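The next block is data-v3.txt, given as compact mmCIF, C-alpha atoms.
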# COMPACT_ATOMS: atom_id res chain seq x y z
CA MET A 1 -44.51 185.24 -89.96
CA ALA A 2 -42.23 188.27 -89.61
CA GLU A 3 -39.06 188.09 -91.70
CA LEU A 4 -35.70 188.19 -89.89
CA THR A 5 -33.53 191.28 -89.90
CA PRO A 6 -30.29 190.32 -91.69
CA PHE A 7 -26.88 190.47 -90.04
CA GLN A 8 -24.30 193.08 -91.05
CA THR A 9 -20.65 193.15 -90.00
CA VAL A 10 -19.80 194.72 -86.64
CA GLY A 11 -17.10 196.72 -88.50
CA PRO A 12 -13.89 198.12 -87.00
CA PHE A 13 -15.36 200.77 -84.69
CA PHE A 14 -17.56 198.83 -82.24
CA ALA A 15 -15.29 199.67 -79.30
CA ILE A 16 -16.83 203.14 -78.96
CA CYS A 17 -19.94 201.32 -77.75
CA LEU A 18 -19.06 197.74 -76.83
CA GLY A 19 -15.92 198.38 -74.77
CA GLU A 20 -12.17 198.97 -75.13
CA SER A 21 -10.77 196.49 -72.61
CA GLY A 22 -8.87 193.42 -73.81
CA CYS A 23 -10.10 191.48 -70.79
CA ALA A 24 -13.50 190.03 -70.00
CA ARG A 25 -13.93 189.67 -66.24
CA VAL A 26 -16.77 187.17 -66.13
CA ALA A 27 -16.22 186.21 -62.51
CA THR A 28 -16.13 188.89 -59.85
CA GLU A 29 -14.07 188.16 -56.75
CA HIS A 30 -17.03 186.65 -54.88
CA ALA A 31 -18.06 184.14 -57.55
CA ILE A 32 -18.12 180.50 -56.42
CA GLY A 33 -15.90 177.95 -58.13
CA ARG A 34 -12.44 177.23 -59.42
CA ARG A 35 -11.04 180.46 -60.86
CA ILE A 36 -9.46 180.10 -64.28
CA THR A 37 -7.97 182.39 -66.90
CA ILE A 38 -8.18 181.76 -70.62
CA ASP A 39 -5.60 183.70 -72.64
CA GLY A 40 -6.49 183.62 -76.30
CA THR A 41 -5.51 184.84 -79.74
CA VAL A 42 -7.54 185.44 -82.88
CA SER A 43 -5.77 185.09 -86.24
CA ASP A 44 -6.69 185.08 -89.94
CA GLY A 45 -5.96 182.89 -92.97
CA ALA A 46 -2.50 184.43 -93.41
CA GLY A 47 -1.61 183.70 -89.79
CA ALA A 48 -1.84 187.40 -88.94
CA ALA A 49 -3.24 188.60 -85.63
CA ILE A 50 -6.74 190.10 -85.80
CA PRO A 51 -6.61 193.29 -83.71
CA ASP A 52 -10.24 194.29 -84.16
CA ALA A 53 -12.29 191.24 -83.16
CA LEU A 54 -14.85 191.07 -80.37
CA VAL A 55 -15.00 187.78 -78.48
CA GLU A 56 -18.19 187.07 -76.50
CA ILE A 57 -18.70 184.16 -74.13
CA TRP A 58 -21.63 182.61 -72.25
CA GLN A 59 -21.34 179.85 -69.69
CA ALA A 60 -22.95 178.09 -66.75
CA ASN A 61 -21.87 178.69 -63.15
CA ALA A 62 -19.78 176.25 -61.13
CA ALA A 63 -22.88 174.21 -60.28
CA GLY A 64 -23.84 173.84 -63.93
CA ARG A 65 -26.73 176.29 -64.00
CA TYR A 66 -27.25 179.25 -66.32
CA ALA A 67 -28.26 182.63 -64.91
CA HIS A 68 -31.28 182.75 -67.21
CA PRO A 69 -35.04 182.51 -66.54
CA ASP A 70 -35.41 179.49 -68.87
CA ASP A 71 -32.92 177.35 -66.91
CA HIS A 72 -35.23 175.55 -64.46
CA GLN A 73 -32.68 173.07 -63.07
CA ALA A 74 -32.74 172.48 -59.32
CA LYS A 75 -29.16 173.72 -58.90
CA PRO A 76 -28.03 176.83 -57.05
CA LEU A 77 -27.69 180.18 -58.78
CA ASP A 78 -24.65 182.27 -57.87
CA PRO A 79 -25.66 185.92 -57.38
CA ASN A 80 -22.06 186.93 -58.09
CA PHE A 81 -21.84 185.21 -61.46
CA THR A 82 -23.69 186.19 -64.65
CA GLY A 83 -21.81 183.89 -67.05
CA TYR A 84 -21.43 186.57 -69.69
CA GLY A 85 -18.37 188.44 -70.87
CA ARG A 86 -17.00 190.14 -73.93
CA ALA A 87 -13.46 191.15 -74.81
CA PRO A 88 -12.15 193.04 -77.83
CA THR A 89 -8.77 191.77 -79.02
CA ASP A 90 -5.75 194.02 -78.54
CA ASP A 91 -3.25 195.14 -81.19
CA GLU A 92 -1.61 191.68 -81.10
CA GLY A 93 -4.92 189.87 -81.52
CA ARG A 94 -4.96 188.77 -77.88
CA PHE A 95 -7.83 188.58 -75.43
CA SER A 96 -8.22 187.26 -71.92
CA ILE A 97 -11.16 185.79 -70.03
CA GLU A 98 -11.13 185.64 -66.23
CA THR A 99 -13.85 183.28 -65.12
CA ILE A 100 -14.63 180.11 -63.17
CA MET A 101 -14.68 176.55 -64.45
CA PRO A 102 -18.27 175.92 -65.59
CA GLY A 103 -20.16 172.93 -64.21
CA ARG A 104 -21.76 170.29 -66.40
CA VAL A 105 -25.17 170.98 -67.95
CA PRO A 106 -27.72 168.68 -69.62
CA GLY A 107 -27.12 167.70 -73.23
CA PRO A 108 -29.15 165.90 -75.90
CA GLY A 109 -31.20 162.96 -74.62
CA ASP A 110 -30.22 162.10 -71.05
CA SER A 111 -26.58 163.03 -71.52
CA LEU A 112 -24.50 165.51 -69.57
CA GLN A 113 -22.27 167.89 -71.47
CA ALA A 114 -18.59 168.33 -70.64
CA PRO A 115 -17.68 171.72 -69.12
CA HIS A 116 -17.67 174.31 -71.90
CA LEU A 117 -18.21 177.92 -72.85
CA VAL A 118 -20.13 178.98 -75.94
CA LEU A 119 -18.22 181.66 -77.81
CA GLY A 120 -19.05 184.10 -80.60
CA ILE A 121 -16.61 186.13 -82.71
CA LEU A 122 -17.58 189.41 -84.37
CA ALA A 123 -15.16 191.44 -86.50
CA ARG A 124 -14.66 193.54 -89.57
CA GLY A 125 -14.56 191.04 -92.44
CA ILE A 126 -17.07 188.74 -90.73
CA LEU A 127 -20.48 189.59 -92.16
CA THR A 128 -22.37 187.65 -89.50
CA ARG A 129 -20.96 185.97 -86.37
CA LEU A 130 -18.75 182.92 -85.98
CA VAL A 131 -19.92 180.56 -83.24
CA THR A 132 -17.79 177.95 -81.53
CA ARG A 133 -17.28 176.31 -78.12
CA VAL A 134 -14.39 176.12 -75.70
CA TYR A 135 -13.73 172.81 -73.93
CA PHE A 136 -10.88 172.06 -71.55
CA ASP A 137 -7.96 169.81 -72.38
CA GLY A 138 -7.60 166.93 -69.92
CA GLU A 139 -11.24 166.98 -68.81
CA PRO A 140 -12.31 163.29 -68.72
CA SER A 141 -15.97 164.04 -69.59
CA ASN A 142 -14.93 165.38 -73.02
CA ALA A 143 -15.01 161.76 -74.17
CA ASP A 144 -18.80 161.58 -73.55
CA ASP A 145 -19.80 164.99 -74.87
CA ALA A 146 -22.51 164.74 -77.55
CA ILE A 147 -21.52 167.96 -79.32
CA LEU A 148 -17.79 167.13 -79.44
CA ALA A 149 -18.77 163.74 -80.85
CA LEU A 150 -20.25 165.49 -83.90
CA VAL A 151 -16.90 167.14 -84.69
CA PRO A 152 -14.50 165.17 -86.91
CA ALA A 153 -11.97 163.57 -84.53
CA ASP A 154 -8.96 165.17 -86.21
CA ARG A 155 -10.41 168.67 -85.64
CA ARG A 156 -11.59 168.33 -82.02
CA ALA A 157 -8.32 169.67 -80.63
CA THR A 158 -9.16 173.10 -82.09
CA LEU A 159 -11.95 173.36 -79.49
CA LEU A 160 -9.75 172.53 -76.49
CA ALA A 161 -8.22 175.22 -74.32
CA ARG A 162 -4.67 174.01 -73.50
CA ARG A 163 -3.37 173.75 -69.94
CA ALA A 164 -0.79 176.52 -69.37
CA GLY A 165 -0.61 176.29 -65.57
CA ASP A 166 -2.73 175.07 -62.67
CA ASP A 167 -5.61 177.41 -63.43
CA ALA A 168 -4.44 178.95 -66.69
CA TYR A 169 -5.51 177.96 -70.18
CA GLU A 170 -4.57 179.07 -73.67
CA LEU A 171 -6.73 179.09 -76.77
CA ASP A 172 -6.02 179.93 -80.40
CA LEU A 173 -9.00 180.95 -82.51
CA VAL A 174 -7.96 180.49 -86.14
CA LEU A 175 -10.53 181.78 -88.61
CA GLN A 176 -9.06 180.11 -91.68
CA GLY A 177 -6.42 177.66 -92.86
CA HIS A 178 -4.04 175.43 -90.88
CA ASN A 179 -5.62 174.36 -87.56
CA GLU A 180 -8.78 176.26 -88.46
CA THR A 181 -11.12 176.41 -85.47
CA VAL A 182 -14.31 174.40 -85.80
CA PHE A 183 -17.29 176.73 -86.16
CA PHE A 184 -20.90 175.67 -85.66
CA ASP A 185 -24.22 176.10 -87.38
CA VAL A 186 -26.66 176.06 -84.45
CA MET B 187 -35.21 171.79 -70.89
CA PRO B 188 -35.70 175.50 -71.55
CA GLY B 189 -38.46 175.27 -74.15
CA ALA B 190 -38.64 174.81 -77.89
CA ASN B 191 -35.74 175.13 -80.29
CA TYR B 192 -35.16 178.15 -82.49
CA ARG B 193 -35.88 177.97 -86.21
CA ARG B 194 -32.88 177.98 -88.52
CA PRO B 195 -32.80 181.00 -90.83
CA ARG B 196 -33.37 180.49 -94.56
CA ASP B 197 -30.14 180.50 -96.56
CA ASP B 198 -30.89 183.84 -98.23
CA ILE B 199 -31.49 185.81 -95.01
CA HIS B 200 -27.97 186.51 -93.76
CA PRO B 201 -24.84 187.38 -95.78
CA PRO B 202 -22.42 184.57 -96.65
CA LEU B 203 -19.11 184.37 -94.76
CA ASP B 204 -17.13 184.50 -98.03
CA PHE B 205 -18.19 187.52 -100.09
CA PRO B 206 -15.51 188.57 -102.60
CA GLY B 207 -16.99 192.04 -103.08
CA TYR B 208 -16.09 192.79 -99.45
CA ARG B 209 -12.33 192.31 -99.39
CA GLY B 210 -12.15 191.95 -95.63
CA THR B 211 -13.89 188.56 -95.78
CA SER B 212 -11.15 186.87 -97.84
CA LEU B 213 -8.87 185.85 -94.94
CA ARG B 214 -11.54 185.90 -92.25
CA HIS B 215 -13.97 183.21 -93.39
CA PRO B 216 -13.57 179.54 -92.44
CA ARG B 217 -12.83 177.26 -95.40
CA GLN B 218 -14.11 174.16 -93.60
CA PRO B 219 -17.89 173.66 -93.56
CA LEU B 220 -19.71 174.71 -90.39
CA VAL B 221 -20.54 171.71 -88.19
CA ILE B 222 -24.29 171.44 -87.66
CA VAL B 223 -25.10 170.81 -84.00
CA PRO B 224 -28.30 170.55 -81.97
CA GLN B 225 -29.45 173.40 -79.76
CA THR B 226 -28.82 172.66 -76.08
CA ILE B 227 -29.47 174.56 -72.89
CA SER B 228 -26.18 176.39 -73.54
CA GLU B 229 -27.55 178.02 -76.68
CA LEU B 230 -31.22 178.27 -75.63
CA THR B 231 -30.20 180.54 -72.77
CA GLY B 232 -28.10 183.69 -73.06
CA PRO B 233 -26.85 186.76 -71.29
CA VAL B 234 -29.38 188.85 -69.43
CA TYR B 235 -27.75 192.17 -68.80
CA GLY B 236 -27.91 195.92 -69.05
CA HIS B 237 -30.93 196.27 -66.80
CA ALA B 238 -29.06 197.65 -63.85
CA SER B 239 -26.82 200.09 -65.64
CA VAL B 240 -28.81 201.59 -68.53
CA THR B 241 -30.32 205.00 -67.77
CA ASP B 242 -32.80 207.09 -69.75
CA GLY B 243 -30.01 209.51 -70.64
CA ASP B 244 -28.13 206.75 -72.49
CA ARG B 245 -30.57 206.88 -75.41
CA ASP B 246 -29.96 210.56 -76.07
CA LEU B 247 -26.72 210.81 -78.07
CA THR B 248 -27.01 214.60 -78.25
CA ASN B 249 -26.39 215.18 -74.53
CA ARG B 250 -22.79 213.97 -74.17
CA GLY B 251 -20.91 217.26 -74.35
CA ARG B 252 -21.08 220.79 -73.08
CA GLY B 253 -22.94 221.83 -76.21
CA GLU B 254 -25.08 220.21 -78.86
CA PRO B 255 -23.40 218.10 -81.55
CA ILE B 256 -23.30 219.46 -85.12
CA GLY B 257 -25.64 217.87 -87.62
CA GLU B 258 -29.22 216.95 -88.42
CA ARG B 259 -31.01 215.82 -85.25
CA ILE B 260 -33.00 212.61 -85.80
CA ILE B 261 -35.21 210.29 -83.79
CA VAL B 262 -34.74 206.57 -84.40
CA GLU B 263 -37.57 204.52 -83.02
CA GLY B 264 -38.64 200.95 -83.59
CA ARG B 265 -39.98 197.72 -82.22
CA VAL B 266 -38.02 194.54 -81.59
CA ILE B 267 -40.06 191.39 -82.18
CA ASP B 268 -39.36 187.75 -82.93
CA GLU B 269 -40.40 185.91 -86.08
CA ASP B 270 -43.80 185.15 -84.55
CA GLY B 271 -44.46 188.82 -83.86
CA ARG B 272 -43.91 188.54 -80.11
CA PRO B 273 -42.29 191.59 -78.54
CA VAL B 274 -38.71 191.21 -77.31
CA ARG B 275 -39.16 193.06 -74.03
CA ASP B 276 -36.69 194.38 -71.44
CA SER B 277 -33.81 193.72 -73.81
CA LEU B 278 -30.68 195.78 -74.38
CA VAL B 279 -30.26 197.67 -77.68
CA GLU B 280 -26.82 199.20 -78.25
CA LEU B 281 -25.90 201.45 -81.16
CA TRP B 282 -22.86 203.30 -82.46
CA GLN B 283 -22.23 205.51 -85.44
CA ALA B 284 -20.08 208.14 -87.16
CA ASN B 285 -20.74 211.84 -86.57
CA ALA B 286 -22.40 214.15 -89.09
CA ALA B 287 -19.08 214.54 -90.94
CA GLY B 288 -18.64 210.78 -91.34
CA ARG B 289 -15.97 210.34 -88.62
CA TYR B 290 -16.01 207.87 -85.73
CA ALA B 291 -14.69 208.85 -82.31
CA HIS B 292 -12.26 205.91 -82.51
CA ARG B 293 -8.46 205.93 -82.69
CA VAL B 294 -8.42 203.69 -85.76
CA ASP B 295 -10.56 206.07 -87.86
CA ARG B 296 -8.14 208.22 -89.90
CA HIS B 297 -10.73 209.78 -92.21
CA ASP B 298 -9.84 213.44 -92.79
CA ALA B 299 -13.07 214.83 -91.39
CA PRO B 300 -13.59 216.71 -88.13
CA LEU B 301 -14.32 215.07 -84.82
CA ASP B 302 -17.17 216.63 -82.84
CA PRO B 303 -16.29 217.19 -79.16
CA ASN B 304 -19.99 216.96 -78.35
CA PHE B 305 -20.58 213.60 -80.01
CA THR B 306 -19.32 210.17 -78.93
CA GLY B 307 -21.65 208.24 -81.23
CA ALA B 308 -22.62 205.53 -78.73
CA GLY B 309 -26.00 204.90 -77.09
CA ARG B 310 -27.93 202.23 -75.20
CA ALA B 311 -31.59 201.61 -74.42
CA MET B 312 -33.79 198.88 -72.99
CA THR B 313 -36.88 197.83 -74.94
CA ASP B 314 -40.18 198.39 -73.11
CA ALA B 315 -42.93 195.82 -72.46
CA GLU B 316 -44.02 196.03 -76.13
CA GLY B 317 -40.46 195.74 -77.48
CA ASN B 318 -40.20 199.44 -78.37
CA TYR B 319 -37.00 201.45 -78.21
CA ARG B 320 -36.22 205.09 -79.04
CA PHE B 321 -33.02 207.07 -79.59
CA LEU B 322 -32.31 210.74 -80.22
CA THR B 323 -29.15 211.20 -82.27
CA ILE B 324 -27.52 212.96 -85.24
CA LYS B 325 -27.76 211.72 -88.81
CA PRO B 326 -24.38 210.10 -89.55
CA GLY B 327 -22.36 211.12 -92.60
CA ALA B 328 -21.12 208.85 -95.38
CA TYR B 329 -17.40 208.08 -95.27
CA PRO B 330 -14.73 206.61 -97.56
CA TRP B 331 -13.11 203.22 -96.98
CA LEU B 332 -10.38 201.27 -98.72
CA ASN B 333 -12.33 198.28 -100.01
CA HIS B 334 -12.05 199.39 -103.66
CA SER B 335 -11.34 202.53 -105.66
CA ASN B 336 -13.54 205.46 -104.57
CA ALA B 337 -15.44 203.28 -102.09
CA TRP B 338 -17.88 205.04 -99.75
CA ARG B 339 -20.05 203.55 -97.03
CA PRO B 340 -23.64 204.77 -97.14
CA ALA B 341 -24.75 206.58 -93.98
CA HIS B 342 -25.56 203.93 -91.39
CA ILE B 343 -26.06 203.25 -87.70
CA HIS B 344 -24.71 200.01 -86.13
CA PHE B 345 -27.11 198.06 -83.90
CA SER B 346 -26.27 195.30 -81.41
CA LEU B 347 -28.95 193.17 -79.70
CA TRP B 348 -28.94 189.95 -77.70
CA GLY B 349 -32.60 189.11 -77.35
CA PRO B 350 -33.48 186.23 -75.00
CA SER B 351 -30.77 183.70 -75.93
CA PHE B 352 -27.31 183.07 -77.39
CA LEU B 353 -29.06 182.24 -80.68
CA THR B 354 -31.06 185.46 -80.97
CA ARG B 355 -27.88 187.59 -81.04
CA LEU B 356 -28.00 190.13 -83.86
CA VAL B 357 -25.51 192.75 -84.99
CA THR B 358 -26.67 194.78 -87.96
CA GLN B 359 -26.64 198.19 -89.64
CA MET B 360 -29.53 200.56 -90.29
CA TYR B 361 -29.48 202.60 -93.49
CA PHE B 362 -31.43 205.65 -94.71
CA PRO B 363 -34.01 205.69 -97.51
CA GLY B 364 -33.01 207.05 -100.90
CA ASP B 365 -29.24 206.86 -100.34
CA PRO B 366 -27.53 206.54 -103.77
CA LEU B 367 -24.55 204.80 -102.13
CA LEU B 368 -26.62 201.75 -101.19
CA ALA B 369 -26.49 200.33 -104.72
CA LEU B 370 -22.67 200.51 -104.63
CA ASP B 371 -22.05 199.15 -101.12
CA PRO B 372 -20.80 195.54 -100.90
CA ILE B 373 -21.69 195.20 -97.21
CA TYR B 374 -25.32 196.18 -97.81
CA ASN B 375 -25.44 194.07 -100.98
CA SER B 376 -23.97 191.01 -99.22
CA VAL B 377 -27.53 190.24 -98.04
CA PRO B 378 -28.73 187.78 -100.72
CA ASP B 379 -32.47 188.54 -100.71
CA PRO B 380 -33.43 192.01 -102.04
CA ARG B 381 -36.32 192.10 -99.56
CA GLY B 382 -33.86 191.42 -96.77
CA ARG B 383 -31.78 194.38 -97.89
CA GLU B 384 -34.88 196.57 -97.81
CA ARG B 385 -35.48 195.57 -94.19
CA LEU B 386 -32.18 197.23 -93.32
CA ILE B 387 -33.45 200.62 -94.53
CA ALA B 388 -35.31 202.74 -91.96
CA ASN B 389 -38.59 204.36 -92.99
CA PHE B 390 -39.01 208.10 -92.72
CA ASP B 391 -42.03 208.57 -90.45
CA LEU B 392 -43.76 211.92 -90.12
CA SER B 393 -45.65 210.68 -87.05
CA LEU B 394 -42.31 210.19 -85.23
CA THR B 395 -41.04 213.56 -86.43
CA GLU B 396 -41.08 216.29 -83.79
CA PRO B 397 -42.08 219.73 -85.15
CA GLU B 398 -39.29 222.32 -85.00
CA ARG B 399 -36.98 219.65 -83.56
CA ALA B 400 -36.06 216.41 -85.32
CA LEU B 401 -36.96 214.12 -88.24
CA GLY B 402 -38.23 210.68 -87.25
CA TYR B 403 -37.17 207.31 -88.67
CA ARG B 404 -38.68 203.92 -87.88
CA PHE B 405 -36.45 200.83 -87.78
CA ASP B 406 -38.17 197.63 -86.67
CA ILE B 407 -35.97 194.63 -85.87
CA VAL B 408 -36.91 190.94 -86.08
CA LEU B 409 -34.94 188.32 -84.11
CA ARG B 410 -35.02 184.51 -84.44
CA GLY B 411 -38.19 182.84 -83.17
CA ARG B 412 -38.89 179.38 -81.73
CA HIS B 413 -40.71 176.42 -83.14
CA ALA B 414 -44.29 176.35 -81.93
CA THR B 415 -43.87 173.30 -79.70
CA PRO B 416 -40.99 171.18 -78.41
CA MET B 417 -42.52 168.30 -80.40
CA GLU B 418 -42.26 170.21 -83.65
CA ALA B 419 -38.70 171.09 -82.75
CA ARG B 420 -37.78 167.42 -82.35
CA HIS B 421 -39.10 166.57 -85.77
CA GLY B 422 -38.20 169.83 -87.48
Please render this file's structure as structure tokens.
Amino acid sequence: MAELTPFQTVGPFFAICLGESGCARVATEHAIGRRITIDGTVSDGAGAAIPDALVEIWQANAAGRYAHPDDHQAKPLDPNFTGYGRAPTDDEGRFSIETIMPGRVPGPGDSLQAPHLVLGILARGILTRLVTRVYFDGEPSNADDAILALVPADRRATLLARRAGDDAYELDLVLQGHNETVFFDV
Amino acid sequence: MPGANYRRPRDDIHPPLDFPGYRGTSLRHPRQPLVIVPQTISELTGPVYGHASVTDGDRDLTNRGRGEPIGERIIVEGRVIDEDGRPVRDSLVELWQANAAGRYAHRVDRHDAPLDPNFTGAGRAMTDAEGNYRFLTIKPGAYPWLNHSNAWRPAHIHFSLWGPSFLTRLVTQMYFPGDPLLALDPIYNSVPDPRGRERLIANFDLSLTEPERALGYRFDIVLRGRHATPMEARHG
């Protein structure tokens, strides 16, 4: 068996290759579904903004299907929606994701997962990648989600994007300390 | 379901999140344990992109200005495979690096070394049907950083790959053989297994070297592979 290539930190200079914008436009104007915006922050163990993080997201389309050859579900693909976006944080540690509300996708066993994005954080000072999920506050199906159920109840709120308007959400990604975001080993 | 699960890496493959020798990790690592979760369709799929926009010119980092960049021209070629030796085909490889003087074309880099108007330091390529990629670039210089007294990063090239799923994502750095700074570099030495560290060092390869033109280096990359069968995955 071939041995894995180890991770190394993305460092502070990735923007020369991976993009300068503080906004990930996941949904173009023709994408189907309820348009939402997630305004987020990334902060460290001292509560300071992290101005040099790269946030990457992956999600299903409004019908709950991934634009990927291994998703064989009999649900429609949306030619105007790839489900992928990445956004470097700005000088105040902020990022923004313009997308559509993802549909539900199959989970472990016969379950259905609650609407969610998978999210990775790369930055100077992170030697690998931090992986988490974004769920949506007020979504009734959160109660039945098999992945959320594995998270200690008193920490689940760190995975919920808060309602900040009809179609606007806010999310704080805290790498360490008080209200530390739950990160996953997948 | 989209096929078998991915194997979990051994503990000594990737660097730890908390590594005191690299000061930047101290406030940027979670203190709570990671929550172990099963792989679902959300992780077993991943972004498929780059195909439409990457051109052949993107893998030549020496063609970005009016003239040629200063420095030692090099070819970096390699093969991207998974743990089972299967080629990772039609997949985006992105790289970025400092110029020959050890300076990045980035506003945050304040190192007192010249910028090169003919070098941006960024390139992209798609792997071919066998997983091969190839770049033409300039050998990057070493540069100082503030991690500790008289700290210098060894010459390196950053690589970013997605592979076929969210779980095969890899961001890493390629180093050069024989660099005396490697032994002193906390980022390189954060990889626990010495053999893992060696896999981050490219091999000089005379067969890739073009006479009268450029030295050749080989850097093969291995991404996470899947369990052999879905059954094994359920029990593994």
Polymer residues at most 9 Å from region 8-20 of chain A, all atoms listed in the file, same-chain spacing of 3 or more positions, as a VMD selection string: (chain A and resid 23 52 to 54 86 to 90 122 to 129) or (chain B and resid 200 to 201 280 to 283 290 to 295 306 to 310 344 to 346 356 to 359 373 to 374 376 to 377)
Give me, as a compact mmCIF listing (two decimals) with C-alpha atoms, keeping the file's coordinate frame, the residues of chain A touching chain B, with the criterion being at most 8 Å (counting all atoms listed in the file).
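Final file, part.txt:
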# COMPACT_ATOMS: atom_id res chain seq x y z
CA MET A 1 -44.51 185.24 -89.96
CA ALA A 2 -42.23 188.27 -89.61
CA GLU A 3 -39.06 188.09 -91.70
CA LEU A 4 -35.70 188.19 -89.89
CA THR A 5 -33.53 191.28 -89.90
CA PRO A 6 -30.29 190.32 -91.69
CA PHE A 7 -26.88 190.47 -90.04
CA GLN A 8 -24.30 193.08 -91.05
CA THR A 9 -20.65 193.15 -90.00
CA VAL A 10 -19.80 194.72 -86.64
CA PRO A 12 -13.89 198.12 -87.00
CA PHE A 13 -15.36 200.77 -84.69
CA PHE A 14 -17.56 198.83 -82.24
CA ALA A 15 -15.29 199.67 -79.30
CA ILE A 16 -16.83 203.14 -78.96
CA CYS A 17 -19.94 201.32 -77.75
CA ASP A 44 -6.69 185.08 -89.94
CA GLY A 45 -5.96 182.89 -92.97
CA ALA A 46 -2.50 184.43 -93.41
CA TRP A 58 -21.63 182.61 -72.25
CA GLN A 59 -21.34 179.85 -69.69
CA ALA A 60 -22.95 178.09 -66.75
CA TYR A 66 -27.25 179.25 -66.32
CA ALA A 67 -28.26 182.63 -64.91
CA HIS A 68 -31.28 182.75 -67.21
CA ASP A 70 -35.41 179.49 -68.87
CA ASP A 71 -32.92 177.35 -66.91
CA HIS A 72 -35.23 175.55 -64.46
CA THR A 82 -23.69 186.19 -64.65
CA GLY A 83 -21.81 183.89 -67.05
CA TYR A 84 -21.43 186.57 -69.69
CA VAL A 105 -25.17 170.98 -67.95
CA PRO A 106 -27.72 168.68 -69.62
CA GLY A 107 -27.12 167.70 -73.23
CA PRO A 108 -29.15 165.90 -75.90
CA VAL A 118 -20.13 178.98 -75.94
CA ARG A 124 -14.66 193.54 -89.57
CA GLY A 125 -14.56 191.04 -92.44
CA ILE A 126 -17.07 188.74 -90.73
CA LEU A 127 -20.48 189.59 -92.16
CA THR A 128 -22.37 187.65 -89.50
CA ILE A 147 -21.52 167.96 -79.32
CA LEU A 150 -20.25 165.49 -83.90
CA VAL A 151 -16.90 167.14 -84.69
CA LEU A 175 -10.53 181.78 -88.61
CA GLN A 176 -9.06 180.11 -91.68
CA GLY A 177 -6.42 177.66 -92.86
CA GLU A 180 -8.78 176.26 -88.46
CA VAL A 182 -14.31 174.40 -85.80
CA PHE A 183 -17.29 176.73 -86.16
CA PHE A 184 -20.90 175.67 -85.66
CA ASP A 185 -24.22 176.10 -87.38
CA VAL A 186 -26.66 176.06 -84.45
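In this model, the gap between CA of Leu160 (chain A) and CA of Gly64 (chain A) comes to 18.9 Å.
Put simply, CA of Pro102 (chain A) is 15.6 Å away from CA of Glu56 (chain A).
Remark: for Asp242 (chain B), the closest of the candidate residues B:Leu322, B:Trp338, B:Asp391, B:Gly327 is B:Leu322 (distances computed over all atoms listed in the file).
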One number please: CA of Asn179 (chain A) to CA of Gln113 (chain A), in Å, one decimal. 24.0 Å
So, counting all atoms listed in the file, which residue among A:Arg94, A:Arg65, A:His116, A:Lys75 is closest to Ala49 (chain A)? A:Arg94
Once you count all atoms listed in the file, which residues end up no further than 9 Å from (-5.8, 176.5, -71.1) in the file's frame, shown as a list in words?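 Those within range, by chain then number, are Ile36, Thr37, Ile38, Asp39, Gly40, Phe136, Asp137, Leu160, Ala161, Arg162, Arg163, Ala164, Gly165, Asp167, Ala168, Tyr169, Glu170 and Leu171 of chain A.
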Could you turn the residues from that selection into a file that holds C-alpha atoms, as a PDB file, keeping the file's coordinate frame?
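The new file result-v4.pdb reads:
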ATOM      1  CA  ILE A  36      -9.460 180.100 -64.280  1.00  0.00           C
ATOM      2  CA  THR A  37      -7.970 182.390 -66.900  1.00  0.00           C
ATOM      3  CA  ILE A  38      -8.180 181.760 -70.620  1.00  0.00           C
ATOM      4  CA  ASP A  39      -5.600 183.700 -72.640  1.00  0.00           C
ATOM      5  CA  GLY A  40      -6.490 183.620 -76.300  1.00  0.00           C
ATOM      6  CA  PHE A 136     -10.880 172.060 -71.550  1.00  0.00           C
ATOM      7  CA  ASP A 137      -7.960 169.810 -72.380  1.00  0.00           C
ATOM      8  CA  LEU A 160      -9.750 172.530 -76.490  1.00  0.00           C
ATOM      9  CA  ALA A 161      -8.220 175.220 -74.320  1.00  0.00           C
ATOM     10  CA  ARG A 162      -4.670 174.010 -73.500  1.00  0.00           C
ATOM     11  CA  ARG A 163      -3.370 173.750 -69.940  1.00  0.00           C
ATOM     12  CA  ALA A 164      -0.790 176.520 -69.370  1.00  0.00           C
ATOM     13  CA  GLY A 165      -0.610 176.290 -65.570  1.00  0.00           C
ATOM     14  CA  ASP A 167      -5.610 177.410 -63.430  1.00  0.00           C
ATOM     15  CA  ALA A 168      -4.440 178.950 -66.690  1.00  0.00           C
ATOM     16  CA  TYR A 169      -5.510 177.960 -70.180  1.00  0.00           C
ATOM     17  CA  GLU A 170      -4.570 179.070 -73.670  1.00  0.00           C
ATOM     18  CA  LEU A 171      -6.730 179.090 -76.770  1.00  0.00           C
TER      19      LEU A 171
END
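Comparing B:Gly207, B:Gly264, B:Gly236, B:Pro255 by their smallest distance to Gly402 (chain B), the closest is B:Gly264 (using all atoms listed in the file).
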Shell around Thr99 (chain A) at 6 Å using all atoms listed in the file, local window under 3 positions removed, as a list in words: Val26, Ala27, Arg35 and Ile36 of chain A
Around all listed atoms of region 305-320 of chain B, padded 8 Å per side, what centre and edge lengths does the axis-aligned box have in Å to one decimal, as lines of an AutoDock Vina configuration file?
center_x = -31.7
center_y = 204.7
center_z = -76.8
size_x = 40.7
size_y = 33.9
size_z = 24.8
Name all residues at most 7 Å from region 312-314 of chain B (count all atoms listed in the file; drop same-chain ones fewer than 3 positions away) and give them as a ChimeraX atom specification. /B:275-279,317-319
Restricting the calculation to all atoms listed in the file: of B:Pro380, B:Arg404, B:Val274, B:Leu392, which residue gets closest to Trp348 (chain B)?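 Checking each candidate against Trp348 (chain B), we get B:Val274 as the closest.
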